[in-house]
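Visitor: Provided below: target-v6.cif, containing mmCIF, C-alpha atoms and all ligand atoms.
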data_data
#
loop_
_atom_site.label_atom_id
_atom_site.label_comp_id
_atom_site.auth_asym_id
_atom_site.auth_seq_id
_atom_site.Cartn_x
_atom_site.Cartn_y
_atom_site.Cartn_z
CA MET A 1 -23.84 5.97 -0.91
CA GLN A 2 -23.85 7.73 2.43
CA ILE A 3 -21.01 10.23 2.87
CA VAL A 4 -19.85 10.90 6.43
CA LYS A 5 -17.21 13.28 7.70
CA THR A 6 -17.30 12.90 11.45
CA ILE A 7 -16.82 10.19 14.04
CA THR A 8 -20.24 10.99 15.48
CA GLU A 9 -21.94 10.21 12.15
CA LEU A 10 -19.91 7.04 11.88
CA GLN A 11 -21.06 5.90 15.30
CA LEU A 12 -24.67 6.06 14.10
CA ILE A 13 -23.79 3.74 11.23
CA GLN A 14 -22.06 1.37 13.65
CA LYS A 15 -25.18 1.28 15.85
CA PHE A 16 -27.32 0.56 12.80
CA LEU A 17 -25.03 -2.28 11.68
CA LYS A 18 -25.03 -3.77 15.16
CA ILE A 19 -28.80 -3.84 15.24
CA SER A 20 -29.09 -5.28 11.72
CA GLY A 21 -26.29 -7.80 12.46
CA GLU A 22 -24.30 -6.81 9.38
CA LYS A 23 -20.51 -7.07 9.03
CA LEU A 24 -18.42 -4.10 7.96
CA VAL A 25 -15.67 -4.36 5.32
CA PHE A 26 -13.29 -1.39 5.41
CA ILE A 27 -11.01 -0.10 2.63
CA PRO A 28 -8.71 2.76 3.68
CA THR A 29 -7.39 4.94 0.83
CA MET A 30 -5.87 8.35 0.21
CA GLY A 31 -8.28 9.04 -2.66
CA ALA A 32 -7.39 9.88 -6.28
CA LEU A 33 -9.08 6.56 -6.92
CA HIS A 34 -8.06 4.30 -9.81
CA ASP A 35 -8.72 0.73 -10.92
CA GLY A 36 -6.25 -0.59 -8.31
CA HIS A 37 -8.57 0.75 -5.61
CA ILE A 38 -11.60 -0.64 -7.45
CA SER A 39 -9.95 -4.09 -7.37
CA LEU A 40 -9.93 -3.78 -3.56
CA ILE A 41 -13.64 -2.97 -3.62
CA ASN A 42 -14.17 -6.10 -5.71
CA GLU A 43 -12.32 -8.15 -3.09
CA ALA A 44 -14.65 -6.66 -0.47
CA LYS A 45 -17.66 -7.63 -2.59
CA ASN A 46 -16.34 -11.19 -2.88
CA LYS A 47 -16.08 -11.31 0.90
CA ILE A 48 -19.66 -10.13 1.24
CA LYS A 49 -20.87 -12.75 -1.27
CA LYS A 50 -19.18 -15.41 0.87
CA LEU A 51 -20.86 -14.01 3.97
CA GLU A 52 -24.21 -14.15 2.19
CA ILE A 53 -23.70 -17.81 1.31
CA SER A 54 -23.41 -18.52 5.03
CA GLY A 55 -26.57 -16.52 5.75
CA LYS A 56 -24.89 -13.28 6.88
CA SER A 57 -24.57 -9.90 5.19
CA GLY A 58 -22.18 -6.99 5.02
CA LYS A 59 -21.57 -3.39 3.97
CA ILE A 60 -18.54 -1.68 2.42
CA LEU A 61 -16.97 1.47 3.84
CA VAL A 62 -14.19 3.28 1.96
CA SER A 63 -12.22 6.05 3.63
CA ILE A 64 -10.43 8.86 1.85
CA PHE A 65 -7.86 10.58 4.03
CA VAL A 66 -4.51 11.92 2.87
CA ASN A 67 -2.49 11.28 5.99
CA PRO A 68 0.13 14.00 6.58
CA ALA A 69 1.93 11.85 9.17
CA GLN A 70 3.15 9.37 6.56
CA PHE A 71 4.75 12.03 4.34
CA GLU A 72 8.16 13.56 4.89
CA ASN A 73 8.20 16.43 7.43
CA PHE A 74 4.66 15.67 8.54
CA GLY A 75 2.96 17.13 5.56
CA ASP A 76 5.30 20.00 4.86
CA SER A 77 6.74 18.14 1.85
CA GLU A 78 6.01 18.77 -1.82
CA ASP A 79 4.85 15.15 -2.13
CA PHE A 80 2.05 15.82 0.37
CA LYS A 81 1.11 19.22 -1.05
CA LYS A 82 0.98 17.83 -4.60
CA TYR A 83 -0.88 14.65 -3.70
CA PRO A 84 -3.79 14.55 -6.19
CA ASN A 85 -7.23 15.49 -4.87
CA THR A 86 -10.11 14.32 -7.08
CA LEU A 87 -12.91 13.97 -4.53
CA GLN A 88 -15.85 14.58 -6.88
CA GLN A 89 -14.63 11.96 -9.37
CA ASP A 90 -13.85 9.62 -6.49
CA ILE A 91 -17.43 9.90 -5.21
CA LYS A 92 -18.77 9.01 -8.68
CA LYS A 93 -16.47 5.98 -8.92
CA LEU A 94 -17.51 4.76 -5.48
CA GLU A 95 -21.20 5.22 -6.33
CA ASN A 96 -20.73 3.31 -9.59
CA SER A 97 -19.07 0.53 -7.60
CA ARG A 98 -22.04 0.49 -5.21
CA VAL A 99 -20.00 1.22 -2.11
CA ASP A 100 -22.27 1.78 0.92
CA TYR A 101 -20.36 4.41 2.90
CA LEU A 102 -17.61 6.95 2.30
CA PHE A 103 -15.74 8.33 5.31
CA CYS A 104 -13.78 11.46 4.36
CA PRO A 105 -12.74 13.20 7.58
CA GLU A 106 -10.88 16.46 8.08
CA ILE A 107 -7.36 16.21 9.52
CA SER A 108 -8.62 17.49 12.90
CA GLU A 109 -11.11 14.60 13.11
CA ILE A 110 -8.29 12.04 12.94
CA TYR A 111 -5.68 14.09 14.79
CA PRO A 112 -7.74 16.16 17.23
CA GLU A 113 -6.55 19.55 18.44
CA LYS A 114 -4.23 19.54 21.38
CA LYS A 115 -3.92 22.46 23.73
CA GLN A 116 -0.26 23.09 23.14
CA GLY A 117 2.84 21.99 21.37
CA ASP A 118 2.17 19.72 18.45
CA HIS A 119 2.56 20.41 14.80
CA LYS A 120 -0.10 22.87 13.63
CA GLY A 121 -2.01 22.35 16.86
CA THR A 122 -2.88 18.73 16.16
CA SER A 123 -1.81 15.51 17.82
CA LEU A 124 0.07 14.37 14.72
CA GLN A 125 3.25 13.58 16.63
CA GLU A 126 1.56 12.48 19.80
CA GLU A 127 2.69 8.87 19.82
CA LYS A 128 6.26 7.61 19.92
CA ILE A 129 6.04 4.53 17.76
CA GLN A 130 8.72 1.84 17.90
CA LEU A 131 8.38 -0.58 15.00
CA PRO A 132 10.27 -3.85 14.49
CA GLU A 133 13.52 -3.51 12.52
CA VAL A 134 12.11 -4.88 9.28
CA PHE A 135 10.19 -1.62 8.88
CA SER A 136 13.42 0.41 8.89
CA ALA A 137 14.46 -1.32 5.65
CA LEU A 138 13.39 -0.57 2.05
CA GLU A 139 10.55 2.00 2.15
CA GLY A 140 11.30 2.52 5.85
CA GLU A 141 14.81 3.58 4.94
CA THR A 142 13.97 5.56 1.82
CA ARG A 143 11.08 7.40 3.46
CA LYS A 144 12.06 7.96 7.09
CA GLY A 145 9.03 8.00 9.39
CA HIS A 146 6.69 6.74 6.65
CA PHE A 147 5.71 3.47 8.30
CA GLU A 148 5.35 5.10 11.71
CA GLY A 149 2.86 7.47 10.04
CA VAL A 150 0.98 4.64 8.35
CA PHE A 151 0.89 2.67 11.60
CA GLN A 152 -0.47 5.67 13.48
CA VAL A 153 -3.23 6.47 11.00
CA VAL A 154 -4.40 2.91 10.41
CA LYS A 155 -4.50 2.32 14.17
CA ARG A 156 -6.69 5.41 14.56
CA LEU A 157 -8.89 4.47 11.62
CA PHE A 158 -9.37 0.94 12.96
CA GLU A 159 -10.29 2.34 16.38
CA ILE A 160 -12.77 4.74 14.82
CA VAL A 161 -14.29 2.50 12.12
CA GLN A 162 -14.20 -0.78 14.08
CA PRO A 163 -14.53 -2.96 11.00
CA ASP A 164 -14.83 -6.75 10.87
CA TYR A 165 -12.63 -6.93 7.78
CA ALA A 166 -10.10 -4.55 6.21
CA VAL A 167 -8.70 -4.78 2.67
CA PHE A 168 -5.14 -3.80 1.67
CA GLY A 169 -3.33 -4.12 -1.67
CA GLN A 170 -0.09 -6.00 -2.25
CA LYS A 171 1.10 -3.13 -4.39
CA ASP A 172 2.37 -1.86 -1.02
CA PHE A 173 3.78 -5.20 0.06
CA GLN A 174 5.77 -3.99 3.06
CA GLN A 175 2.73 -2.00 4.19
CA VAL A 176 0.64 -5.20 4.21
CA MET A 177 3.24 -6.71 6.56
CA LEU A 178 2.97 -3.64 8.78
CA ILE A 179 -0.83 -3.93 8.90
CA GLN A 180 -0.58 -7.61 9.80
CA TYR A 181 1.78 -6.65 12.64
CA LEU A 182 -0.65 -3.93 13.80
CA GLN A 183 -3.59 -6.32 13.62
CA LYS A 184 -1.82 -8.99 15.72
CA LYS A 185 -0.78 -6.42 18.31
CA TYR A 186 -4.02 -4.48 18.79
CA PHE A 187 -6.92 -5.78 16.69
CA PRO A 188 -7.40 -9.56 16.96
CA ASN A 189 -11.05 -9.15 15.91
CA ILE A 190 -10.32 -7.54 12.54
CA ALA A 191 -9.54 -9.93 9.67
CA ILE A 192 -7.10 -8.56 7.08
CA ILE A 193 -7.83 -9.33 3.43
CA THR A 194 -5.02 -8.82 0.91
CA ALA A 195 -5.64 -8.03 -2.74
CA PRO A 196 -3.14 -8.75 -5.56
CA LEU A 197 -1.25 -5.93 -7.27
CA PHE A 198 -3.37 -4.59 -10.13
CA ARG A 199 -1.71 -3.29 -13.32
CA GLU A 200 -2.70 -1.26 -16.34
CA LYS A 201 -2.68 -3.12 -19.69
CA SER A 202 0.81 -1.73 -20.30
CA GLY A 203 2.07 -3.40 -17.13
CA LEU A 204 2.37 -0.16 -15.16
CA ALA A 205 1.11 -0.68 -11.59
CA TYR A 206 -1.90 1.57 -10.89
CA SER A 207 -0.96 4.36 -8.50
CA SER A 208 -2.49 7.72 -7.62
CA ARG A 209 0.90 9.26 -8.27
CA ASN A 210 0.63 8.22 -11.97
CA MET A 211 -1.88 11.08 -12.33
CA ARG A 212 1.04 13.47 -12.09
CA PHE A 213 2.64 11.97 -15.22
CA SER A 214 2.17 13.05 -18.83
CA GLU A 215 1.07 10.32 -21.28
CA GLU A 216 4.68 9.97 -22.41
CA GLU A 217 5.99 9.66 -18.87
CA LYS A 218 3.38 7.01 -18.14
CA LEU A 219 4.55 4.99 -21.14
CA ARG A 220 8.13 5.30 -20.02
CA ALA A 221 7.29 4.37 -16.40
CA VAL A 222 6.51 0.86 -17.68
CA ILE A 223 10.29 0.37 -17.30
CA LEU A 224 9.69 -0.79 -13.70
CA TYR A 225 7.46 -3.61 -14.91
CA LYS A 226 9.94 -4.43 -17.65
CA ALA A 227 12.82 -4.69 -15.15
CA LEU A 228 10.77 -6.98 -12.91
CA THR A 229 9.59 -9.23 -15.75
CA GLU A 230 13.11 -9.60 -17.17
CA MET A 231 14.46 -10.49 -13.73
CA LYS A 232 11.70 -13.04 -13.30
CA LYS A 233 12.32 -14.50 -16.77
CA LYS A 234 15.99 -14.96 -15.96
CA PHE A 235 15.14 -16.48 -12.60
CA LEU A 236 12.75 -18.98 -14.19
CA ALA A 237 15.21 -19.88 -16.94
CA ILE A 238 17.91 -20.66 -14.38
CA ASN A 239 15.59 -22.22 -11.84
CA ASN A 240 14.15 -24.60 -14.40
CA HIS A 241 17.59 -25.53 -15.74
CA PRO A 242 18.79 -28.98 -14.63
CA TYR A 243 22.28 -27.66 -13.71
CA LYS A 244 21.97 -24.53 -11.61
CA ASN A 245 25.26 -22.62 -11.79
CA THR A 246 26.93 -19.49 -10.49
CA GLU A 247 24.63 -17.26 -12.50
CA PHE A 248 21.99 -18.18 -10.00
CA SER A 249 22.71 -15.28 -7.70
CA THR A 250 20.66 -12.37 -6.45
CA ASP A 251 23.42 -10.01 -7.61
CA THR A 252 23.13 -11.26 -11.18
CA LEU A 253 19.38 -10.85 -11.12
CA ALA A 254 19.60 -7.41 -9.55
CA ASP A 255 22.16 -6.36 -12.18
CA ILE A 256 19.68 -7.27 -14.93
CA GLY A 257 17.03 -5.09 -13.31
CA ARG A 258 19.48 -2.27 -12.63
CA GLU A 259 20.71 -2.20 -16.22
CA ILE A 260 17.16 -1.94 -17.55
CA LEU A 261 16.21 0.80 -15.10
CA GLU A 262 19.40 2.75 -15.84
CA SER A 263 18.61 2.66 -19.56
CA GLU A 264 15.69 5.04 -18.86
CA LYS A 265 16.74 8.65 -18.34
CA LEU A 266 13.63 9.47 -16.32
CA VAL A 267 14.82 7.04 -13.63
CA GLN A 268 16.80 9.53 -11.57
CA LYS A 269 17.60 7.25 -8.67
CA ILE A 270 17.22 3.57 -7.87
CA HIS A 271 16.49 3.34 -4.14
CA TYR A 272 16.61 -0.44 -4.04
CA ILE A 273 16.17 -3.69 -5.90
CA SER A 274 15.63 -6.25 -3.17
CA MET A 275 14.77 -9.93 -3.14
CA ARG A 276 13.02 -11.14 -0.04
CA ASP A 277 11.44 -14.25 1.37
CA LYS A 278 7.73 -13.53 1.06
CA LYS A 279 6.82 -14.91 4.50
CA THR A 280 9.75 -13.95 6.74
CA PHE A 281 10.79 -10.95 4.62
CA ILE A 282 14.49 -11.76 5.17
CA GLU A 283 16.74 -10.39 2.43
CA ILE A 284 18.04 -13.06 0.08
CA GLY A 285 21.72 -12.90 -0.89
CA GLU A 286 24.88 -14.96 -1.04
CA LYS A 287 26.91 -12.63 1.15
CA THR A 288 24.39 -11.28 3.55
CA SER A 289 21.81 -13.83 4.44
CA GLN A 290 21.09 -17.32 5.69
CA LYS A 291 18.88 -17.60 2.60
CA LYS A 292 21.34 -17.42 -0.27
CA TYR A 293 19.26 -18.07 -3.38
CA PRO A 294 15.81 -16.99 -4.42
CA GLN A 295 13.12 -19.62 -4.79
CA LYS A 296 9.75 -19.72 -6.46
CA GLY A 297 7.29 -17.68 -4.40
CA ASP A 298 9.89 -15.16 -3.17
CA ILE A 299 9.39 -11.50 -4.01
CA ILE A 300 11.39 -8.80 -5.84
CA LEU A 301 10.71 -5.25 -4.67
CA ILE A 302 11.92 -2.14 -6.42
CA SER A 303 11.73 1.55 -5.64
CA VAL A 304 12.88 4.44 -7.80
CA GLU A 305 12.63 8.18 -8.21
CA PHE A 306 11.03 8.55 -11.63
CA SER A 307 10.73 12.04 -13.11
CA GLY A 308 10.64 13.50 -9.60
CA ILE A 309 8.06 11.04 -8.30
CA HIS A 310 8.57 8.14 -5.93
CA LEU A 311 7.44 4.85 -7.51
CA ILE A 312 7.40 1.32 -6.10
CA ASP A 313 6.58 -2.00 -7.71
CA ASN A 314 7.01 -5.68 -6.91
CA MET A 315 6.66 -9.12 -8.42
CA ILE A 316 6.39 -12.62 -6.99
CA LEU A 317 8.88 -15.05 -8.52
P1 LIG A 401 -3.49 4.55 -1.40
O1 LIG A 401 -4.71 5.31 -1.76
O2 LIG A 401 -2.38 4.67 -2.39
O3 LIG A 401 -3.04 4.77 0.03
O4 LIG A 401 -3.89 3.01 -1.46
C1 LIG A 401 -5.01 2.50 -0.77
C2 LIG A 401 -5.00 1.00 -0.88
O5 LIG A 401 -5.05 0.63 -2.26
C3 LIG A 401 -3.72 0.36 -0.30
O6 LIG A 401 -4.07 -0.83 0.38
C4 LIG A 401 -2.92 0.07 -1.55
O7 LIG A 401 -2.02 -1.00 -1.40
C5 LIG A 401 -4.02 -0.28 -2.53
N1 LIG A 401 -3.55 -0.12 -3.91
C6 LIG A 401 -3.08 1.01 -4.50
N2 LIG A 401 -2.70 0.75 -5.77
C7 LIG A 401 -2.93 -0.56 -5.99
C8 LIG A 401 -2.72 -1.44 -7.09
N3 LIG A 401 -2.20 -1.01 -8.24
N4 LIG A 401 -3.07 -2.74 -6.95
C9 LIG A 401 -3.59 -3.20 -5.77
N5 LIG A 401 -3.81 -2.41 -4.69
C10 LIG A 401 -3.48 -1.12 -4.79
#
Show the structure stored in the file as structure tokens.
Ligand code: AMP
Guide:
Amino acid sequence: MQIVKTITELQLIQKFLKISGEKLVFIPTMGALHDGHISLINEAKNKIKKLEISGKSGKILVSIFVNPAQFENFGDSEDFKKYPNTLQQDIKKLENSRVDYLFCPEISEIYPEKKQGDHKGTSLQEEKIQLPEVFSALEGETRKGHFEGVFQVVKRLFEIVQPDYAVFGQKDFQQVMLIQYLQKKYFPNIAIITAPLFREKSGLAYSSRNMRFSEEEKLRAVILYKALTEMKKKFLAINNHPYKNTEFSTDTLADIGREILESEKLVQKIHYISMRDKKTFIEIGEKTSQKKYPQKGDIILISVEFSGIHLIDNMIL
């Protein structure tokens, strides 16, 4: 695997790929790699196999960049400072997965120095980004400025890497919607591939933040999965029943999830339990929405503060 740190080195790779006629499949990450990330690499490999069947070929580029702009206070937060850094192990994992290139730039490579003004002399806050309203809800509300930061960094990474394909995981469902919005607006030539949410055997969704948990905390964090599965079970039981009745409400389902989450002391705060239409992302609810009842294929999203760490999870009904 070739490891590159600068845009100049990356441009050499791009020239090489142009000459050899190969496609580039890009997987952006913040490192601390786990099997969820590896599942994205496997999606990329599947894409390349398909290309090969039609007589083309492709290479995989993973980036590792912990983006300060998507954390609270532009990187001055504890969450940013404590974000796990396991670069040497990450490199081994990527080599074992036969990834072709790793791009791991310094902050100044992505947010170049500006002469005056900006945070720590970089252009972190250079762009005023106005996102559609849907990105002010859920994670956009819980983590103010988060999606603006993600939008900014992925836009820069796409401009720099110029991939043909880019892979994102549905673990961050709202983020996938943001990337699709970005792609439509600025990058019609990049095809977005989405990968399903990947879980540990216990049901816990893989996340780099899990590394900050003790074994016991990890076991107890399965409560998110439990809440989602119980909500889904209830939904299926009612949905499959010949006489749907008043129980068939989003409030009832949310109450089931809430009760389960509240039974775990390490859940310090429930940010939201939300049911949304998977395509339009409108909130489902009897009082609030034109879509009153959940249907098969809709999505439940939850977000909690668990033992001081922000965790999200989701499940398709
Ligand atoms: P991160 O390093 O957390 O920024 O994640 C990089 C990419 O991996 C994003 O597209 C995530 O959605 C994806 N990802 C992280 N965890 C999982 C998971 N458990 N299952 C599927 N994709 C994931």
Visitor: Which protein, DNA or RNA residues have an atom within 7 Å of ligand LIG 401 (chain A), counting only C-alpha atoms and all ligand atoms, as a list of chain:residue names?
Guide: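 Answer in the requested format: A:Pro28, A:Thr29, A:Met30, A:Gly31, A:Ala32, A:Leu33, A:Gly36, A:His37, A:Ser39, A:Leu40, A:Val167, A:Phe168, A:Gly169, A:Gln170, A:Lys171, A:Asp172, A:Ala195, A:Pro196, A:Leu197, A:Phe198, A:Arg199, A:Ala205, A:Tyr206, A:Ser207, A:Ser208.
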Visitor: Nearest residue to A:Gln290 out of A:Asp277, A:Glu216, A:Glu72, A:Asp313, using all atoms listed in the file?
Guide: A:Asp277
Visitor: What are the closest atom pairs, with distances in Å to one decimal, for each residue of stretch 224-289 of chain A lying within 9 Å of stretch 301-304 of chain A, using all atoms listed in the file, rows by chain and rising residue number, as a Markdown table?
Guide:
| residue | atom | partner | partner_atom | distance |
| --- | --- | --- | --- | --- |
| A:Leu224 | CA | A:Ile302 | CA | 7.7 |
| A:Leu228 | CA | A:Ile302 | CA | 8.2 |
| A:Leu261 | CA | A:Val304 | CA | 8.8 |
| A:Val267 | CA | A:Val304 | CA | 6.7 |
| A:Gln268 | CA | A:Val304 | CA | 7.4 |
| A:Lys269 | CA | A:Val304 | CA | 5.6 |
| A:Ile270 | CA | A:Val304 | CA | 4.4 |
| A:His271 | CA | A:Val304 | CA | 5.3 |
| A:Tyr272 | CA | A:Ser303 | CA | 5.5 |
| A:Ile273 | CA | A:Ile302 | CA | 4.6 |
| A:Ser274 | CA | A:Leu301 | CA | 5.2 |
| A:Met275 | CA | A:Leu301 | CA | 6.4 |
| A:Arg276 | CA | A:Leu301 | CA | 7.8 |
Visitor: So which residues touch A:Asn67 within 9 Å, counting all atoms listed in the file, skipping near sequence neighbours fewer than 2 positions away, as a list in words?
Guide: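 After dropping sequence-adjacent residues, the list is Met30, Phe65, Ala69, Gln70, Phe71, Phe74, Gly75, Phe80, Ile107, Gly149, Val150 and Val153 of chain A.
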Visitor: Nearest to A:Val4 among A:Thr280, A:Asn239, A:Thr229, A:Ser63, with distances taken over only C-alpha atoms: which residue is it?
Guide: A:Ser63
Visitor: Which residues, written as a ChimeraX atom specification, have at least one atom at most 12 Å from A:Pro188, with only C-alpha atoms counted and residues fewer than 5 positions away on the same chain left out?
Guide: /A:158,162-165,179-183
Visitor: Hey, can I get the axis-aligned box for stretch 165-171 of chain A? All listed atoms, 5 Å padding on each side, centre and edge lengths in Å to one decimal, as lines of an AutoDock Vina configuration file.
Guide:
center_x = -5.8
center_y = -5.0
center_z = 1.7
size_x = 23.7
size_y = 13.8
size_z = 22.2
Visitor: When you count all atoms listed in the file, which of these residues is closest to A:Gly21: A:Lys56, A:Lys45, A:Met231, A:Asp35?
Guide: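 That would be A:Lys56, the residue with the smallest distance to A:Gly21.
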Visitor: Point out the residue among A:Ile284, A:Ala237, A:Phe16, A:Lys218 with the least atom-to-atom distance to A:Ala254, counting all atoms listed in the file.
Guide: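 Closest to A:Ala254 of all the choices is A:Ile284.
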Visitor: Please report the interatomic distance between atom CA of A:Glu262 and atom CA of A:Phe135 in Å with one decimal.
Guide: 26.7 Å
Visitor: Nearest to A:Met211: which of A:Gly58, A:Pro68, A:Pro84, A:Gly140 is it, counting only C-alpha atoms?
Guide: A:Pro84
Visitor: Counting all atoms listed in the file, what is within 8 Å of A:Ile223, bar same-chain residues fewer than 3 positions away, as a ChimeraX atom specification?
Guide: /A:220,226-227,260-261,264
Visitor: Ranking A:Ile129, A:Val99, A:Ile299, A:Leu253 by minimum distance to A:Ile238 and counting only C-alpha atoms, which one comes first?
Guide: A:Leu253
Visitor: If I take atom CA of A:Ile3 and atom CA of A:Leu102, how far is one from the other in Å, to one decimal?
Guide: 4.8 Å
Visitor: Env of A:Lys23: 12 Å cut, atoms = all atoms listed in the file, seq-sep filter 5 positions within chain, self excluded. Answer as a PyMOL selection string.
Guide: chain A and resi 13-18+44-45+47-52+55-61+161-166+189-191
Visitor: Output C-alpha atoms of each residue in that selection to a file, as an mmCIF file, in the frame of the given file.
Guide:
data_model
loop_
_atom_site.group_PDB
_atom_site.id
_atom_site.type_symbol
_atom_site.label_atom_id
_atom_site.label_comp_id
_atom_site.auth_asym_id
_atom_site.auth_seq_id
_atom_site.Cartn_x
_atom_site.Cartn_y
_atom_site.Cartn_z
ATOM 1 C CA ILE A 13 -23.790 3.740 11.230
ATOM 2 C CA GLN A 14 -22.060 1.370 13.650
ATOM 3 C CA LYS A 15 -25.180 1.280 15.850
ATOM 4 C CA PHE A 16 -27.320 0.560 12.800
ATOM 5 C CA LEU A 17 -25.030 -2.280 11.680
ATOM 6 C CA LYS A 18 -25.030 -3.770 15.160
ATOM 7 C CA ALA A 44 -14.650 -6.660 -0.470
ATOM 8 C CA LYS A 45 -17.660 -7.630 -2.590
ATOM 9 C CA LYS A 47 -16.080 -11.310 0.900
ATOM 10 C CA ILE A 48 -19.660 -10.130 1.240
ATOM 11 C CA LYS A 49 -20.870 -12.750 -1.270
ATOM 12 C CA LYS A 50 -19.180 -15.410 0.870
ATOM 13 C CA LEU A 51 -20.860 -14.010 3.970
ATOM 14 C CA GLU A 52 -24.210 -14.150 2.190
ATOM 15 C CA GLY A 55 -26.570 -16.520 5.750
ATOM 16 C CA LYS A 56 -24.890 -13.280 6.880
ATOM 17 C CA SER A 57 -24.570 -9.900 5.190
ATOM 18 C CA GLY A 58 -22.180 -6.990 5.020
ATOM 19 C CA LYS A 59 -21.570 -3.390 3.970
ATOM 20 C CA ILE A 60 -18.540 -1.680 2.420
ATOM 21 C CA LEU A 61 -16.970 1.470 3.840
ATOM 22 C CA VAL A 161 -14.290 2.500 12.120
ATOM 23 C CA GLN A 162 -14.200 -0.780 14.080
ATOM 24 C CA PRO A 163 -14.530 -2.960 11.000
ATOM 25 C CA ASP A 164 -14.830 -6.750 10.870
ATOM 26 C CA TYR A 165 -12.630 -6.930 7.780
ATOM 27 C CA ALA A 166 -10.100 -4.550 6.210
ATOM 28 C CA ASN A 189 -11.050 -9.150 15.910
ATOM 29 C CA ILE A 190 -10.320 -7.540 12.540
ATOM 30 C CA ALA A 191 -9.540 -9.930 9.670
#
Visitor: Rounded to one decimal place, report the atom CA of A:Glu22-atom CA of A:Gln88 distance in Å.
Guide: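 Computing it gives 28.2 Å between the two atoms.
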